[in-house]
Every structure is written in C-alpha cells, then in structure tokens.
Amino acid sequence: MSALLLIDVQYDFMKGGSLQVDNAEEILEPINKLRNNRQFDLVVLSKDWHPQDHVSFASNNPGTKLFESIAYHSGTQVMWPDHCVQGTHGSDINSSLHCESTDVIVLKGQNKQIDSYSAFYDNDHKNKTELDDVLKSKNIKEVYVCGLATDYCVSYTALDAVSAGYKTYFLEDASRGVAPDTTQSQIENMKQHNVIISFVSVGLLIGF
Ligand code: VGL
Ligand code: ZN
C-alpha cells in the first residue's frame with residue numbers, strides 16, 4: 001500500500017504569504033496531475049499549525065533578527081516570520097490543490113515551546129503526531145513526500161519516514177525550498193539516508 005504525503009501546501013508559504021517560498025505555486029500542477037493519474041491508497045495533507053505565541057516566531061523572541069538561528073534547548077531554532085497561525089487564511093491549504101474528502105489532515109507545530117518541521121515528530125523527537133499510526137492502520141509500506149519546503153518540513157518528514165521503516169520517495173519537481181544552499185544540502189542528506197529522489201514527470205512517463 002502506498003501513500004502520498006503533501007506537506008504544508010499552505011498560503012503562507014506561497015506568493016503573497018508571510019514566509020513565501022520562491023516559485024511555490026509551480027508545485028500545484030504536478031501534484032494535481034499525479035493525483036489524476038495514479039491512485040494512492042491514502043493521501044495525507046500536513047498543515048503547519050502554530051499558536052500566535054509560538055517559539056519559532058522572531059516576534060516572540062525580542063532582540064532576535066528574522067531568519068537567524070538561535071541556540072535552543074532542542075538544538076537550534078530559526079527565527080521565522082509569523083506564519084501559519086491557527087485559523088488564519090495563511091494557514092489554509094491552497095484552494096487550487098486537488099483535495100478529496102477522504103484525505104487525512106495532520107496538524108503539526110501546535111506546541112508553542114517546540115517547532116515541528118517533520119509531520120511525524122516535534123524537532124526534539126519527543127512527541128509524535130498521529131501520522132505513523134494512520135499509515136500503519138492502512139498498512140502503508142511506501143510513501144511519496146513532496147510540498148513545502150524542501151529544506152525544512154519536506155526533508156525532515158522524508159527522513160523520519162525512512163527511520164520509521166517506510167520505503168520513501170522525495171518528489172523533487174513537486175517541492176520547492178526556502179533557500180538554494182540548504183535545499184541542495186538537504187537533498188544530499190536525503191540521498192545519503194536512502195530516500196529515493198524522484199520526479200512526478202518521470203513517474204507519469206515510466207512509473208515510479
Ligand atoms: C516550514 C519553516 C517554518 C515548512 C514550517 O513547512 O517547511 N518551514 N515552518
Ligand atoms: Zn512553521
């Protein structure tokens with residue numbers, strides 16, 4: 001059984017959003033094409049879902065600068081602009097993404113004290129979301145991961161998927177990153193950890 005994991009395809013990560021990722025809109029067409037052409041046993045949509053007082057917002061850490069990394073008990077924490085605040089338009093999934101009523105939504109980043117890039121775990125790996133249980137309950141063995149952003153939530157999710165024992169594909173043309181250097185290094189990191197790097201365009205032509 002296989003699942004498609006669509007990571008954080010939310011307005012705040014796209015054009016006009018508070019943490020916009022370059023060319024993020026370009027992922028909508030390949031993802032929608034993929035869904036029209038291949039039946040997955042399960043489709044999961046993750047949503048970054050922060051309280052307004054979340055630790056990852058520079059606005060909640062006086063004296064810090066946007067995008068700098070600060071030392072934190074769980075490692076380092078990047079100071080992000082306010083984004084994906086629960087219930088705001090920016091936290092909504094882009095309405096051009098083809099969704100179905102059977103899709104499962106997984107929320108992450110709800111604990112104000114710790115960030116959660118992966119859709120499986122908080123960054124300190126102490127608390128998990130329901131994602132692994134949902135996948136196990138449907139007997140999923142293979143996951144295809146894509147969305148926003150490659151260098152953060154997408155790669156962290158793919159790396160946790162490998163650790164949890166899933167055969168894991170990263171779909172590069174259905175993902176975009178925050179910055180070119182971290183995007184490249186995280187793609188290398190995924191390769192080294194047995195994530196299979198693939199493309200929707202290839203999957204549609206010859207199959208994955
Ligand atoms: C993300 C930075 C902060 C992501 C979420 O979805 O990749 N990046 N929060
Ligand atoms: Zn976030």
# chains A, B, ... in the order shown; residues from 1 in each chain; ligands from 1
>>> residues_around(residues="Ala24 in chain A", least_positions_apart="4", cutoff="12 Å", atoms="only C-alpha atoms", output="ChimeraX atom specification")
/A:8-17,19-20,28-31,94,146-150,173-178
>>> select_by_dssp(residues="range 5-87 of chain A", states="helix (DSSP H, G or I)", output="PDB file with N, CA and C atoms, in the first residue's frame")
ATOM      1  N   TYR A  11      -1.085  28.776   2.172  1.00  0.00           N
ATOM      2  CA  TYR A  11      -0.910  30.115   1.589  1.00  0.00           C
ATOM      3  C   TYR A  11       0.302  30.858   2.137  1.00  0.00           C
ATOM      4  N   ASP A  12       0.614  30.727   3.414  1.00  0.00           N
ATOM      5  CA  ASP A  12       1.744  31.496   3.944  1.00  0.00           C
ATOM      6  C   ASP A  12       3.079  31.108   3.323  1.00  0.00           C
ATOM      7  N   PHE A  13       3.174  29.924   2.726  1.00  0.00           N
ATOM      8  CA  PHE A  13       4.423  29.501   2.080  1.00  0.00           C
ATOM      9  C   PHE A  13       4.413  29.800   0.584  1.00  0.00           C
ATOM     10  N   ALA A  24       6.704  28.598  -5.400  1.00  0.00           N
ATOM     11  CA  ALA A  24       5.953  27.533  -4.729  1.00  0.00           C
ATOM     12  C   ALA A  24       4.698  27.127  -5.514  1.00  0.00           C
ATOM     13  N   GLU A  25       4.111  28.099  -6.243  1.00  0.00           N
ATOM     14  CA  GLU A  25       2.862  27.787  -6.979  1.00  0.00           C
ATOM     15  C   GLU A  25       3.105  26.709  -8.031  1.00  0.00           C
ATOM     16  N   GLU A  26       4.372  26.595  -8.491  1.00  0.00           N
ATOM     17  CA  GLU A  26       4.671  25.634  -9.560  1.00  0.00           C
ATOM     18  C   GLU A  26       4.476  24.182  -9.136  1.00  0.00           C
ATOM     19  N   ILE A  27       4.327  23.926  -7.852  1.00  0.00           N
ATOM     20  CA  ILE A  27       4.151  22.525  -7.434  1.00  0.00           C
ATOM     21  C   ILE A  27       2.700  22.059  -7.597  1.00  0.00           C
ATOM     22  N   LEU A  28       1.775  23.015  -7.750  1.00  0.00           N
ATOM     23  CA  LEU A  28       0.357  22.634  -7.763  1.00  0.00           C
ATOM     24  C   LEU A  28       0.029  21.745  -8.960  1.00  0.00           C
ATOM     25  N   GLU A  29       0.530  22.134 -10.140  1.00  0.00           N
ATOM     26  CA  GLU A  29       0.183  21.373 -11.341  1.00  0.00           C
ATOM     27  C   GLU A  29       0.712  19.933 -11.303  1.00  0.00           C
ATOM     28  N   PRO A  30       2.015  19.735 -11.000  1.00  0.00           N
ATOM     29  CA  PRO A  30       2.463  18.331 -10.930  1.00  0.00           C
ATOM     30  C   PRO A  30       1.736  17.508  -9.866  1.00  0.00           C
ATOM     31  N   ILE A  31       1.444  18.100  -8.727  1.00  0.00           N
ATOM     32  CA  ILE A  31       0.745  17.324  -7.693  1.00  0.00           C
ATOM     33  C   ILE A  31      -0.660  16.946  -8.190  1.00  0.00           C
ATOM     34  N   ASN A  32      -1.361  17.916  -8.780  1.00  0.00           N
ATOM     35  CA  ASN A  32      -2.721  17.608  -9.259  1.00  0.00           C
ATOM     36  C   ASN A  32      -2.695  16.576 -10.379  1.00  0.00           C
ATOM     37  N   LYS A  33      -1.700  16.681 -11.268  1.00  0.00           N
ATOM     38  CA  LYS A  33      -1.561  15.689 -12.350  1.00  0.00           C
ATOM     39  C   LYS A  33      -1.310  14.307 -11.780  1.00  0.00           C
ATOM     40  N   LEU A  34      -0.423  14.267 -10.774  1.00  0.00           N
ATOM     41  CA  LEU A  34      -0.096  12.979 -10.159  1.00  0.00           C
ATOM     42  C   LEU A  34      -1.352  12.338  -9.575  1.00  0.00           C
ATOM     43  N   ARG A  35      -2.143  13.140  -8.893  1.00  0.00           N
ATOM     44  CA  ARG A  35      -3.362  12.590  -8.284  1.00  0.00           C
ATOM     45  C   ARG A  35      -4.357  12.119  -9.336  1.00  0.00           C
ATOM     46  N   ASN A  36      -4.375  12.791 -10.481  1.00  0.00           N
ATOM     47  CA  ASN A  36      -5.299  12.371 -11.543  1.00  0.00           C
ATOM     48  C   ASN A  36      -4.851  11.112 -12.234  1.00  0.00           C
ATOM     49  N   ASN A  37      -3.560  10.823 -12.160  1.00  0.00           N
ATOM     50  CA  ASN A  37      -3.008   9.713 -12.939  1.00  0.00           C
ATOM     51  C   ASN A  37      -2.678   8.482 -12.135  1.00  0.00           C
ATOM     52  N   ALA A  58      10.152  35.119  15.263  1.00  0.00           N
ATOM     53  CA  ALA A  58      11.077  36.158  15.743  1.00  0.00           C
ATOM     54  C   ALA A  58      10.326  37.161  16.621  1.00  0.00           C
ATOM     55  N   SER A  59       9.077  37.414  16.282  1.00  0.00           N
ATOM     56  CA  SER A  59       8.280  38.409  17.025  1.00  0.00           C
ATOM     57  C   SER A  59       8.088  38.011  18.491  1.00  0.00           C
ATOM     58  N   ASN A  60       8.246  36.736  18.792  1.00  0.00           N
ATOM     59  CA  ASN A  60       8.103  36.275  20.177  1.00  0.00           C
ATOM     60  C   ASN A  60       9.440  36.158  20.907  1.00  0.00           C
TER      61      ASN A  60
END
>>> closest_atom_pairs(of="chain A", to="ligand 2", cutoff="10 Å", atoms="only C-alpha atoms and all ligand atoms", output="Markdown table")
| residue | atom | partner | partner_atom_place_in_ligand_line | distance |
| --- | --- | --- | --- | --- |
| A:Asp8 | CA | ligand 2 | 1 (Zn) | 9.1 |
| A:Asp12 | CA | ligand 2 | 1 (Zn) | 9.7 |
| A:Phe13 | CA | ligand 2 | 1 (Zn) | 9.5 |
| A:Leu19 | CA | ligand 2 | 1 (Zn) | 9.1 |
| A:Lys47 | CA | ligand 2 | 1 (Zn) | 9.1 |
| A:Asp48 | CA | ligand 2 | 1 (Zn) | 5.4 |
| A:Trp49 | CA | ligand 2 | 1 (Zn) | 7.2 |
| A:His50 | CA | ligand 2 | 1 (Zn) | 6.7 |
| A:His54 | CA | ligand 2 | 1 (Zn) | 8.8 |
| A:Val55 | CA | ligand 2 | 1 (Zn) | 9.7 |
| A:Ser56 | CA | ligand 2 | 1 (Zn) | 6.9 |
| A:Phe57 | CA | ligand 2 | 1 (Zn) | 8.4 |
| A:Val78 | CA | ligand 2 | 1 (Zn) | 9.8 |
| A:Met79 | CA | ligand 2 | 1 (Zn) | 9.9 |
| A:Trp80 | CA | ligand 2 | 1 (Zn) | 7.5 |
| A:Pro81 | CA | ligand 2 | 1 (Zn) | 9.0 |
| A:Asp82 | CA | ligand 2 | 1 (Zn) | 8.3 |
| A:His83 | CA | ligand 2 | 1 (Zn) | 6.4 |
| A:Cys84 | CA | ligand 2 | 1 (Zn) | 6.6 |
| A:Val85 | CA | ligand 2 | 1 (Zn) | 8.8 |
| A:Ser91 | CA | ligand 2 | 1 (Zn) | 10.0 |
| A:Lys108 | CA | ligand 2 | 1 (Zn) | 8.4 |
| A:Gly109 | CA | ligand 2 | 1 (Zn) | 6.5 |
| A:Gln110 | CA | ligand 2 | 1 (Zn) | 9.4 |
| A:Asp115 | CA | ligand 2 | 1 (Zn) | 6.8 |
| A:Ser116 | CA | ligand 2 | 1 (Zn) | 7.0 |
| A:Tyr117 | CA | ligand 2 | 1 (Zn) | 6.9 |
| A:Tyr152 | CA | ligand 2 | 1 (Zn) | 9.2 |
| A:Cys153 | CA | ligand 2 | 1 (Zn) | 8.4 |
>>> write_last_selection(atoms="C-alpha atoms", output="compact mmCIF listing (two decimals), in the first residue's frame")
# COMPACT_ATOMS: atom_id res chain seq x y z
CA ASP A 8 2.33 22.26 4.11
CA ASP A 12 1.74 31.50 3.94
CA PHE A 13 4.42 29.50 2.08
CA LEU A 19 7.04 33.07 4.57
CA LYS A 47 -0.59 21.67 7.98
CA ASP A 48 1.86 23.81 9.89
CA TRP A 49 -0.47 24.97 12.67
CA HIS A 50 1.08 27.38 15.15
CA HIS A 54 4.95 30.09 19.03
CA VAL A 55 8.67 29.94 19.83
CA SER A 56 9.69 29.88 16.15
CA PHE A 57 8.42 33.42 15.52
CA VAL A 78 15.46 29.55 13.12
CA MET A 79 13.62 32.81 13.76
CA TRP A 80 10.78 32.78 11.26
CA PRO A 81 8.27 35.48 10.43
CA ASP A 82 4.84 34.82 11.96
CA HIS A 83 3.29 32.15 9.73
CA CYS A 84 0.52 29.54 9.63
CA VAL A 85 -1.18 30.88 12.74
CA SER A 91 -2.74 28.56 7.37
CA LYS A 108 1.92 19.99 13.48
CA GLY A 109 3.74 22.71 15.38
CA GLN A 110 0.92 23.23 17.85
CA ASP A 115 8.98 23.62 16.48
CA SER A 116 7.91 20.69 14.35
CA TYR A 117 9.31 20.50 10.83
CA TYR A 152 12.67 22.02 6.18
CA CYS A 153 9.35 20.25 6.52
>>> select_by_dssp(residues="range 74-197 of chain A", states="strand (DSSP E or B)", output="PyMOL selection string")
chain A and resi 75-78+80+85+93+104-108+121+128+142-148+167-176+196-197
>>> write_last_selection(atoms="C-alpha atoms", output="compact mmCIF listing (two decimals), in the first residue's frame")
# COMPACT_ATOMS: atom_id res chain seq x y z
CA GLY A 75 19.16 22.40 19.31
CA THR A 76 18.93 25.46 17.11
CA GLN A 77 15.81 27.34 16.19
CA VAL A 78 15.46 29.55 13.12
CA TRP A 80 10.78 32.78 11.26
CA VAL A 85 -1.18 30.88 12.74
CA ILE A 93 -4.30 24.79 2.18
CA VAL A 104 -6.38 12.85 6.09
CA ILE A 105 -5.16 16.12 7.63
CA VAL A 106 -2.28 16.06 10.11
CA LEU A 107 -1.57 19.21 12.14
CA LYS A 108 1.92 19.99 13.48
CA TYR A 121 7.64 14.28 15.24
CA LYS A 128 4.71 12.41 17.74
CA GLU A 142 5.66 3.15 0.73
CA VAL A 143 5.38 6.95 0.97
CA TYR A 144 5.81 9.71 -1.64
CA VAL A 145 6.72 13.02 0.01
CA CYS A 146 6.52 16.48 -1.58
CA GLY A 147 5.37 20.05 -0.92
CA LEU A 148 6.88 22.96 1.01
CA LYS A 167 10.19 2.98 1.51
CA THR A 168 10.41 6.72 0.90
CA TYR A 169 10.37 8.78 -2.28
CA PHE A 170 11.01 12.54 -2.46
CA LEU A 171 9.33 14.18 -5.46
CA GLU A 172 11.68 16.99 -6.40
CA ASP A 173 9.56 18.71 -9.06
CA ALA A 174 6.57 18.79 -6.69
CA SER A 175 8.58 20.57 -3.96
CA ARG A 176 10.33 23.92 -3.52
CA ILE A 196 14.74 7.81 -3.29
CA ILE A 197 14.94 11.07 -5.22
>>> atom_distance(atom1="CA of Phe40 in chain A", atom2="CA of Leu4 in chain A")
6.5 Å
>>> closest_residue(among="A:Asp151, A:Asp133, A:Asp41, A:Asp181", to="ligand 1", atoms="only C-alpha atoms and all ligand atoms")
A:Asp151
>>> residues_around(residues="Lys136 in chain A", least_positions_apart="2", cutoff="12 Å", atoms="only C-alpha atoms", output="PyMOL selection string")
chain A and resi 1-3+42+130-134+138-143+161+164-166
>>> atom_distance(atom1="CA of Leu135 in chain A", atom2="CA of Val44 in chain A")
9.2 Å
>>> atom_distance(atom1="CA of Phe199 in chain A", atom2="CA of Asp92 in chain A")
25.6 Å
>>> closest_residue(among="A:Val21, A:Val43, A:Val162, A:Cys99", to="ligand 1", atoms="only C-alpha atoms and all ligand atoms")
A:Val21
>>> closest_residue(among="A:Thr88, A:Ser101, A:Ser137, A:Ser74", to="Ser18 in chain A", atoms="only C-alpha atoms")
A:Thr88
>>> closest_residue(among="A:Thr102, A:Thr129, A:Asn189, A:Thr183", to="ligand 1", atoms="only C-alpha atoms and all ligand atoms")
A:Thr183
>>> closest_residue(among="A:Ala179, A:Ala71, A:Ile7, A:Leu97", to="ligand 1", atoms="only C-alpha atoms and all ligand atoms")
A:Ile7
